[in-house]
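Below is one structure, written out as C-alpha cells; the observations come after it.
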Amino acid sequence: MLIELHIKNLALIKKADIYFKEGLSVLSGETGAGKSILIDSINLALGAKTSKDIIRTGENEGIVELIFTLDEKRKEKLKTLDISFEDDLLIITRKISSTRSVCRINDETVTLAKLREITDTLIDIHGQHEHQSLLSEGNNLILLDSFCLEKLMEIKKNLSKNYGELKKINQRIQEGIDERLRKREIDILDFEISEIKKANIKPNEEEELEQVFKKGKSISKINDVLSDLLEELENEDIGSNIKSVSEIAVLDDSLDIVLSNLNTIEDLIAETMHYTSRYLDNLEYDEEEHDRVIERLDTIRHIKSKYSSDYNKIKELLKDKEKRLEFLKDFEDEVLVLKENAIKLEESIIKDCTKISEIRKDVAVTLAKKIKEELEDLNFLGVEFEIKFTKREKISRDGFDAVEFLISTNPGQPLKPLHMVASGGELSRIMLALKTVFANNDDIQTLIFDEIDTGISGNTAVKVGEKLSHISKTHQVLCISHLPQIAVMADQNLFISKSTDGKSTQTNIDLLDKDGKIKEIARLIGGNNLTEVVLKTAREMIQEADSRK
C-alpha cells in the first residue's frame, strides 16, 4: 500500500509531503492548481519517460519518492526480483537533472526496466490512455482467466508443461528434417571428429614440444657454451689451493671452515664437469626429430585455432559432436519415436484446451451478467454485454481460445469490441465496472483513477462514487475528481491549490479535516461563494454518503 508521496522541485511543486491511508482518497482542487502534476510525479517514480522540462524553474534537479508498506505476498514476489528491504517498507526514489535520471529502490540504483517490472506489482494508474490499454482485446482473455483462476490453475499448468515438451520435440525433429543438409552435416562431423581424434592432443603437450623445439634450434650455442665452461673448469687448480690452506689450518682451527668449503667446491666442480661432459657426449642434432616436433606443433596449433585453445573444451566439443553425429545417423529411427510422442502430447493438449475452453465459456456467462449489472448500475441504459469466443488457428500455452468483450451502450446499436468504444466518459465507466467485478481477483493493492469523472454528472456520478468506495474495501484507491458526488465518498480528502508571491507560483497539497471537507464539497457544489445553504447541502451530502459506504 502507498503510504507516502514526497515531491521536490517538479513543475509547480516546490515541496510536497503527502500521506495516504487505506480506503478511498479523493484529491480535488481548482482547475490548473496542479492535480495532473501529482499523477505525472507518481508515473515518473514508476518509470515513465520524462524530460528535464518537468524540473521546477530555477532548480537544478527534481525528486519524487514513493513509500510502500508490503504484505507477505508482495515481499515474496520482490525477493524473486532480488530486491532487499527492511521493516516491510519499499522506498522508490527517482531523481531528474538536466543531464540524467537516477532510479533507486531502497537506496539501490536500478534500471528503468527493473523499476517498471517491480512497480507493476504495486500500483495501477488509470487515465484515458490506461483505459484503452486495460480494455484492449489482448487483455480480455487475461481478465476472464483471472475470474476463474482456481478452476483453470491445474489444467493450465499441465497444458503449459505439455506445450513446452511438444515444442522441444518439434524443434528436435526440425533439426534434421532436410535430408540433404543432414547428410552434409554428417560428412562434416565425421571429418571433424576424425581430425580431433587423430590429433590426439595431450595436456600441456604444446608447451613441452616448444621447449624441445627451442633446444633443437639452439643446439650449436648450447654446445659452444658448455664446451667453454668445461675447459674453464678443467683449468681451475683448486687442489693446490686446498693443499696450501690445509698446511696453515693446523696452525689455527678457525680456518677449518675455509678448508671445508674449498673441499665442497672441489667436489661440486668435479660433479659439474662430470655432468657437463656426459651432457656434451649425448648432445646431438637429430634433424628428423626436429622436423617431427615442428610438424606436431603445427598439428596442435591447427586444432586449437580451429576448435578451441583450451584442451578441456576440445574434449567437450568432441563429445558434443559425437552425440550430434549419433543423433543424425539414427535420425530416421529416432524421429519415428519423436513423432509418436508428439501425437500423444497433441492429443493431451487438445484435451486440456477443450476443458479450459468449456470452463471459460461456462464462467463467461456469469461474468458477462455481472459486468452488465455493474454497467446498468452506472447508468448505462439498455446496455448489452457479451463475451465472444473464437478458435485460434494456433494453440498456445493459454489454449486455443481468442476472447473478445463486446458491448452496445445504446439500444438498437450492434455489439462492438470494447476497444472501439470512442467516448472517454463511457470508457471510464466501463473500466470502473470491470474493476468492480474483478476487485477480488486483482493482485495490485493500490489503484489510482484519473479523469474517472470525465463526461458524467448527476446520478451517474453518485454511482461512480459508490463503485470507487466499493473497490476501496479491498484496495487502496486514490482518485482525482472535481465532482462532489465522488468527493463525499472519500475516507480521506486532499485539497490541491496554487499560490504565488508575485515572483513564483507553487502548488500546495493539504489534508482536509472534517470542516475542511465540508467547505471543499460546498466549493465543488457552488463555487467559491460558500453560502450557508451550500454548506448545509454539503453536510447533508456527506452524512448521506456515510450511510451508503
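Every chain in the C-alpha cells takes a letter, A first, then B, and so on in the order presented; its residues are numbered from 1, and the ligands are numbered from 1 following the presented order.
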Item to check | Those in segment 335-444 of chain A with strand (DSSP E) from DSSP, as a PyMOL selection string | outcome: chain A and resi 384-396+399-408+416-417
Prev. selection, N, CA, C and O atoms, output as a tab-separated table (two decimals), in the first residue's frame:
```tsv
chain	number	residue	atom	x	y	z
A	384	GLU	N	-25.90	-3.78	-23.49
A	384	GLU	CA	-25.74	-5.21	-23.73
A	384	GLU	C	-24.25	-5.53	-23.65
A	384	GLU	O	-23.41	-4.76	-24.13
A	385	PHE	N	-23.94	-6.67	-23.04
A	385	PHE	CA	-22.53	-7.06	-22.89
A	385	PHE	C	-22.40	-8.56	-23.13
A	385	PHE	O	-23.15	-9.35	-22.57
A	386	GLU	N	-21.49	-8.93	-23.99
A	386	GLU	CA	-21.27	-10.35	-24.30
A	386	GLU	C	-19.77	-10.63	-24.34
A	386	GLU	O	-18.96	-9.74	-24.59
A	387	ILE	N	-19.44	-11.91	-24.12
A	387	ILE	CA	-18.05	-12.36	-24.25
A	387	ILE	C	-18.02	-13.33	-25.43
A	387	ILE	O	-18.64	-14.39	-25.38
A	388	LYS	N	-17.32	-12.94	-26.47
A	388	LYS	CA	-17.29	-13.72	-27.71
A	388	LYS	C	-16.05	-14.61	-27.75
A	388	LYS	O	-14.94	-14.18	-27.46
A	389	PHE	N	-16.26	-15.87	-28.15
A	389	PHE	CA	-15.16	-16.83	-28.28
A	389	PHE	C	-14.95	-17.18	-29.75
A	389	PHE	O	-15.90	-17.43	-30.49
A	390	THR	N	-13.70	-17.21	-30.17
A	390	THR	CA	-13.33	-17.76	-31.47
A	390	THR	C	-12.12	-18.67	-31.26
A	390	THR	O	-11.38	-18.51	-30.28
A	391	LYS	N	-11.97	-19.62	-32.16
A	391	LYS	CA	-10.88	-20.60	-32.03
A	391	LYS	C	-9.69	-20.15	-32.88
A	391	LYS	O	-9.83	-19.94	-34.09
A	392	ARG	N	-8.56	-20.01	-32.24
A	392	ARG	CA	-7.36	-19.61	-32.98
A	392	ARG	C	-6.82	-20.78	-33.80
A	392	ARG	O	-6.99	-21.94	-33.43
A	393	GLU	N	-6.13	-20.44	-34.86
A	393	GLU	CA	-5.54	-21.49	-35.70
A	393	GLU	C	-4.39	-22.18	-34.97
A	393	GLU	O	-4.20	-23.39	-35.10
A	394	LYS	N	-3.65	-21.40	-34.21
A	394	LYS	CA	-2.50	-21.96	-33.49
A	394	LYS	C	-2.80	-22.02	-32.00
A	394	LYS	O	-3.31	-21.08	-31.41
A	395	ILE	N	-2.43	-23.14	-31.40
A	395	ILE	CA	-2.58	-23.32	-29.95
A	395	ILE	C	-1.38	-22.68	-29.25
A	395	ILE	O	-0.26	-22.74	-29.74
A	396	SER	N	-1.63	-22.09	-28.08
A	396	SER	CA	-0.55	-21.54	-27.26
A	396	SER	C	-0.65	-22.12	-25.86
A	396	SER	O	-1.50	-22.98	-25.59
A	399	GLY	N	-4.10	-21.99	-24.48
A	399	GLY	CA	-5.17	-22.76	-25.12
A	399	GLY	C	-5.41	-22.29	-26.54
A	399	GLY	O	-4.55	-21.67	-27.16
A	400	PHE	N	-6.61	-22.59	-27.05
A	400	PHE	CA	-6.91	-22.18	-28.43
A	400	PHE	C	-7.99	-21.10	-28.49
A	400	PHE	O	-8.48	-20.76	-29.57
A	401	ASP	N	-8.38	-20.55	-27.34
A	401	ASP	CA	-9.43	-19.53	-27.31
A	401	ASP	C	-8.90	-18.13	-27.62
A	401	ASP	O	-7.86	-17.73	-27.09
A	402	ALA	N	-9.63	-17.42	-28.45
A	402	ALA	CA	-9.46	-15.98	-28.58
A	402	ALA	C	-10.73	-15.36	-28.01
A	402	ALA	O	-11.84	-15.75	-28.38
A	403	VAL	N	-10.57	-14.46	-27.04
A	403	VAL	CA	-11.72	-13.90	-26.32
A	403	VAL	C	-11.83	-12.41	-26.59
A	403	VAL	O	-10.83	-11.69	-26.57
A	404	GLU	N	-13.05	-11.96	-26.82
A	404	GLU	CA	-13.28	-10.55	-27.08
A	404	GLU	C	-14.52	-10.10	-26.32
A	404	GLU	O	-15.57	-10.74	-26.35
A	405	PHE	N	-14.37	-8.98	-25.59
A	405	PHE	CA	-15.50	-8.39	-24.87
A	405	PHE	C	-16.26	-7.46	-25.83
A	405	PHE	O	-15.66	-6.55	-26.42
A	406	LEU	N	-17.54	-7.70	-25.98
A	406	LEU	CA	-18.37	-6.90	-26.88
A	406	LEU	C	-19.40	-6.12	-26.06
A	406	LEU	O	-19.93	-6.62	-25.07
A	407	ILE	N	-19.68	-4.89	-26.51
A	407	ILE	CA	-20.63	-4.06	-25.78
A	407	ILE	C	-21.46	-3.20	-26.73
A	407	ILE	O	-20.99	-2.80	-27.80
A	408	SER	N	-22.69	-2.97	-26.35
A	408	SER	CA	-23.55	-1.99	-27.01
A	408	SER	C	-24.08	-1.09	-25.92
A	408	SER	O	-24.77	-1.54	-25.00
A	416	LYS	N	-20.10	-4.17	-30.22
A	416	LYS	CA	-18.77	-3.89	-30.77
A	416	LYS	C	-17.71	-4.20	-29.72
A	416	LYS	O	-17.99	-4.17	-28.52
A	417	PRO	N	-16.48	-4.48	-30.17
A	417	PRO	CA	-15.39	-4.70	-29.20
A	417	PRO	C	-15.18	-3.48	-28.31
A	417	PRO	O	-15.39	-2.34	-28.76
```
Item to check | Backbone DSSP call of helix (DSSP H, G or I) for segment 406-446 of chain A, listed as a ChimeraX atom specification | outcome: /A:418-420,424-437,439-441
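Using only C-alpha atoms for every distance, the candidate list A:Phe449, A:Phe85, A:Leu325, A:Asn261 yields A:Leu325 as the residue closest to Asp190 of chain A.
With only C-alpha atoms taken into account, the protein and nucleic acid residues at most 12 Å from Asp224 of chain A (excluding it and anything under 6 positions from it in its own chain) are Ser218, Leu230, Glu231, Thr276, Leu280 and Leu283 of chain A.
In this structure, atom CA of Met541 of chain A sits 19.4 Å away from atom CA of Ser472 of chain A.
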Item to check | Non-local contacts of Lys370 of chain A (12 Å; only C-alpha atoms; under 2 positions in same chain excluded) as a PyMOL selection string | outcome: chain A and resi 147+363-368+372-377+384-387+433-438
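Atom pair atom CA of Glu322 of chain A / atom CA of Gly164 of chain A: separated by 26.5 Å.
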Checklist entry - If we count only C-alpha atoms, what is near Leu66 of chain A at a cut-off of 9 Å, once residues fewer than 4 positions away on the same chain are taken out, given as number ranges by chain? => result A: 2-7, 42, 45-46, 90-93
Selection export as an mmCIF file, in the first residue's frame, atoms kept: all heavy atoms:
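Contents of selection30.cif, as written:
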```cif
data_model
loop_
_atom_site.group_PDB
_atom_site.id
_atom_site.type_symbol
_atom_site.label_atom_id
_atom_site.label_comp_id
_atom_site.auth_asym_id
_atom_site.auth_seq_id
_atom_site.Cartn_x
_atom_site.Cartn_y
_atom_site.Cartn_z
ATOM 1 N N LEU A 2 0.483 2.249 -0.799
ATOM 2 C CA LEU A 2 1.219 3.513 -0.832
ATOM 3 C C LEU A 2 0.885 4.330 0.419
ATOM 4 O O LEU A 2 -0.278 4.623 0.677
ATOM 5 C CB LEU A 2 0.841 4.303 -2.095
ATOM 6 C CG LEU A 2 1.489 5.679 -2.260
ATOM 7 C CD1 LEU A 2 2.995 5.553 -2.409
ATOM 8 C CD2 LEU A 2 0.896 6.396 -3.476
ATOM 9 N N ILE A 3 1.899 4.667 1.190
ATOM 10 C CA ILE A 3 1.642 5.419 2.424
ATOM 11 C C ILE A 3 2.190 6.845 2.365
ATOM 12 O O ILE A 3 1.702 7.730 3.074
ATOM 13 C CB ILE A 3 2.201 4.704 3.672
ATOM 14 C CG1 ILE A 3 3.714 4.472 3.541
ATOM 15 C CG2 ILE A 3 1.466 3.392 3.903
ATOM 16 C CD1 ILE A 3 4.354 3.939 4.824
ATOM 17 N N GLU A 4 3.208 7.081 1.514
ATOM 18 C CA GLU A 4 3.776 8.421 1.453
ATOM 19 C C GLU A 4 4.182 8.764 0.025
ATOM 20 O O GLU A 4 4.662 7.902 -0.724
ATOM 21 C CB GLU A 4 5.006 8.545 2.374
ATOM 22 C CG GLU A 4 4.697 8.406 3.854
ATOM 23 C CD GLU A 4 5.942 8.562 4.720
ATOM 24 O OE1 GLU A 4 6.837 9.335 4.321
ATOM 25 O OE2 GLU A 4 6.016 7.894 5.768
ATOM 26 N N LEU A 5 4.003 10.034 -0.329
ATOM 27 C CA LEU A 5 4.470 10.585 -1.596
ATOM 28 C C LEU A 5 5.202 11.886 -1.293
ATOM 29 O O LEU A 5 4.633 12.789 -0.681
ATOM 30 C CB LEU A 5 3.290 10.843 -2.540
ATOM 31 C CG LEU A 5 3.560 11.710 -3.778
ATOM 32 C CD1 LEU A 5 4.586 11.057 -4.690
ATOM 33 C CD2 LEU A 5 2.261 11.988 -4.532
ATOM 34 N N HIS A 6 6.460 11.945 -1.691
ATOM 35 C CA HIS A 6 7.261 13.154 -1.467
ATOM 36 C C HIS A 6 7.722 13.697 -2.820
ATOM 37 O O HIS A 6 8.286 12.956 -3.630
ATOM 38 C CB HIS A 6 8.483 12.852 -0.597
ATOM 39 C CG HIS A 6 8.127 12.236 0.726
ATOM 40 N ND1 HIS A 6 7.501 12.941 1.731
ATOM 41 C CD2 HIS A 6 8.290 10.969 1.201
ATOM 42 C CE1 HIS A 6 7.308 12.137 2.766
ATOM 43 N NE2 HIS A 6 7.771 10.935 2.467
ATOM 44 N N ILE A 7 7.475 14.970 -3.035
ATOM 45 C CA ILE A 7 7.838 15.613 -4.298
ATOM 46 C C ILE A 7 8.642 16.868 -3.990
ATOM 47 O O ILE A 7 8.301 17.636 -3.087
ATOM 48 C CB ILE A 7 6.584 15.995 -5.125
ATOM 49 C CG1 ILE A 7 5.682 14.777 -5.337
ATOM 50 C CG2 ILE A 7 6.988 16.595 -6.468
ATOM 51 C CD1 ILE A 7 4.332 15.114 -5.944
ATOM 52 N N ILE A 42 3.881 10.628 -9.794
ATOM 53 C CA ILE A 42 3.809 9.202 -9.445
ATOM 54 C C ILE A 42 4.244 8.349 -10.637
ATOM 55 O O ILE A 42 5.022 7.396 -10.492
ATOM 56 C CB ILE A 42 2.389 8.825 -8.991
ATOM 57 C CG1 ILE A 42 2.059 9.532 -7.671
ATOM 58 C CG2 ILE A 42 2.259 7.311 -8.816
ATOM 59 C CD1 ILE A 42 0.624 9.351 -7.216
ATOM 60 N N ALA A 45 7.941 8.309 -10.865
ATOM 61 C CA ALA A 45 8.569 7.387 -9.907
ATOM 62 C C ALA A 45 8.417 5.933 -10.341
ATOM 63 O O ALA A 45 9.237 5.087 -9.991
ATOM 64 C CB ALA A 45 7.964 7.577 -8.521
ATOM 65 N N LEU A 46 7.370 5.655 -11.118
ATOM 66 C CA LEU A 46 7.125 4.286 -11.574
ATOM 67 C C LEU A 46 7.901 3.942 -12.841
ATOM 68 O O LEU A 46 7.815 2.819 -13.334
ATOM 69 C CB LEU A 46 5.625 4.080 -11.825
ATOM 70 C CG LEU A 46 4.714 4.276 -10.612
ATOM 71 C CD1 LEU A 46 3.263 4.077 -11.020
ATOM 72 C CD2 LEU A 46 5.086 3.323 -9.494
ATOM 73 N N LEU A 90 9.125 -0.402 1.232
ATOM 74 C CA LEU A 90 9.796 -0.306 -0.058
ATOM 75 C C LEU A 90 9.813 1.166 -0.445
ATOM 76 O O LEU A 90 8.766 1.801 -0.548
ATOM 77 C CB LEU A 90 9.059 -1.120 -1.124
ATOM 78 C CG LEU A 90 9.764 -1.186 -2.487
ATOM 79 C CD1 LEU A 90 10.923 -2.175 -2.410
ATOM 80 C CD2 LEU A 90 8.800 -1.598 -3.589
ATOM 81 N N ILE A 91 11.001 1.707 -0.649
ATOM 82 C CA ILE A 91 11.148 3.122 -0.963
ATOM 83 C C ILE A 91 11.684 3.268 -2.388
ATOM 84 O O ILE A 91 12.773 2.782 -2.700
ATOM 85 C CB ILE A 91 12.099 3.816 0.029
ATOM 86 C CG1 ILE A 91 11.587 3.634 1.464
ATOM 87 C CG2 ILE A 91 12.241 5.299 -0.301
ATOM 88 C CD1 ILE A 91 12.545 4.144 2.533
ATOM 89 N N ILE A 92 10.897 3.931 -3.216
ATOM 90 C CA ILE A 92 11.279 4.158 -4.614
ATOM 91 C C ILE A 92 11.586 5.637 -4.784
ATOM 92 O O ILE A 92 10.765 6.496 -4.471
ATOM 93 C CB ILE A 92 10.145 3.746 -5.571
ATOM 94 C CG1 ILE A 92 9.874 2.243 -5.449
ATOM 95 C CG2 ILE A 92 10.496 4.103 -7.006
ATOM 96 C CD1 ILE A 92 8.647 1.787 -6.204
ATOM 97 N N THR A 93 12.781 5.946 -5.274
ATOM 98 C CA THR A 93 13.207 7.327 -5.463
ATOM 99 C C THR A 93 13.688 7.525 -6.891
ATOM 100 O O THR A 93 14.432 6.696 -7.418
ATOM 101 C CB THR A 93 14.351 7.698 -4.492
ATOM 102 O OG1 THR A 93 13.969 7.371 -3.162
ATOM 103 C CG2 THR A 93 14.680 9.176 -4.585
#
```
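Using only C-alpha atoms, the shortest contact distance between Ile37 of chain A and any of A:Leu115, A:Leu10, A:Leu317, A:Leu233 is found at A:Leu10.
When atom CA of Lys156 of chain A is paired with atom CA of Ile356 of chain A, their separation reads 7.5 Å.
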Checklist entry - Quick one: residues within 7 Å of Gly465 of chain A, only C-alpha atoms counted, chain neighbours fewer than 2 positions away excluded, as a PyMOL selection string? => result chain A and resi 461-463+467-469+485-486+489
Next on the checklist: Can you pull out the residues contacting Ala199 of chain A? Cut-off 7 Å, using only C-alpha atoms, and skip same-chain residues under 2 positions away; I want them as a VMD selection string.
Outcome noted: chain A and resid 195 to 197 201 299 to 300
Residues from the last selection, N, CA, C and O atoms, saved as a PDB file, in the first residue's frame:
```pdb
ATOM      1  N   GLU A 195      39.461 -35.777 -37.296  1.00  0.00           N
ATOM      2  CA  GLU A 195      40.586 -34.847 -37.214  1.00  0.00           C
ATOM      3  C   GLU A 195      41.010 -34.646 -35.757  1.00  0.00           C
ATOM      4  O   GLU A 195      42.213 -34.670 -35.438  1.00  0.00           O
ATOM      5  N   ILE A 196      40.034 -34.456 -34.862  1.00  0.00           N
ATOM      6  CA  ILE A 196      40.355 -34.236 -33.444  1.00  0.00           C
ATOM      7  C   ILE A 196      40.961 -35.492 -32.820  1.00  0.00           C
ATOM      8  O   ILE A 196      41.943 -35.431 -32.070  1.00  0.00           O
ATOM      9  N   LYS A 197      40.346 -36.637 -33.128  1.00  0.00           N
ATOM     10  CA  LYS A 197      40.850 -37.897 -32.555  1.00  0.00           C
ATOM     11  C   LYS A 197      42.249 -38.220 -33.072  1.00  0.00           C
ATOM     12  O   LYS A 197      43.107 -38.691 -32.313  1.00  0.00           O
ATOM     13  N   ILE A 201      45.597 -34.785 -28.948  1.00  0.00           N
ATOM     14  CA  ILE A 201      46.382 -33.823 -28.170  1.00  0.00           C
ATOM     15  C   ILE A 201      46.370 -34.202 -26.693  1.00  0.00           C
ATOM     16  O   ILE A 201      45.342 -34.590 -26.141  1.00  0.00           O
ATOM     17  N   THR A 299      50.310 -29.329 -36.115  1.00  0.00           N
ATOM     18  CA  THR A 299      49.044 -30.065 -35.963  1.00  0.00           C
ATOM     19  C   THR A 299      48.262 -29.557 -34.750  1.00  0.00           C
ATOM     20  O   THR A 299      47.059 -29.293 -34.822  1.00  0.00           O
ATOM     21  N   ILE A 300      48.965 -29.431 -33.616  1.00  0.00           N
ATOM     22  CA  ILE A 300      48.308 -28.976 -32.383  1.00  0.00           C
ATOM     23  C   ILE A 300      47.757 -27.566 -32.558  1.00  0.00           C
ATOM     24  O   ILE A 300      46.605 -27.281 -32.171  1.00  0.00           O
TER      25      ILE A 300
END
```
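Closest approach to Ile193 of chain A among A:Lys14, A:Lys514, A:Lys319, A:Lys49: A:Lys319, based on only C-alpha atoms.
Considering the residues A:Ile63, A:Cys148, A:Ala113, A:Ile125 and counting only C-alpha atoms, Asp450 of chain A has its shortest atom-to-atom contact with A:Ile125.
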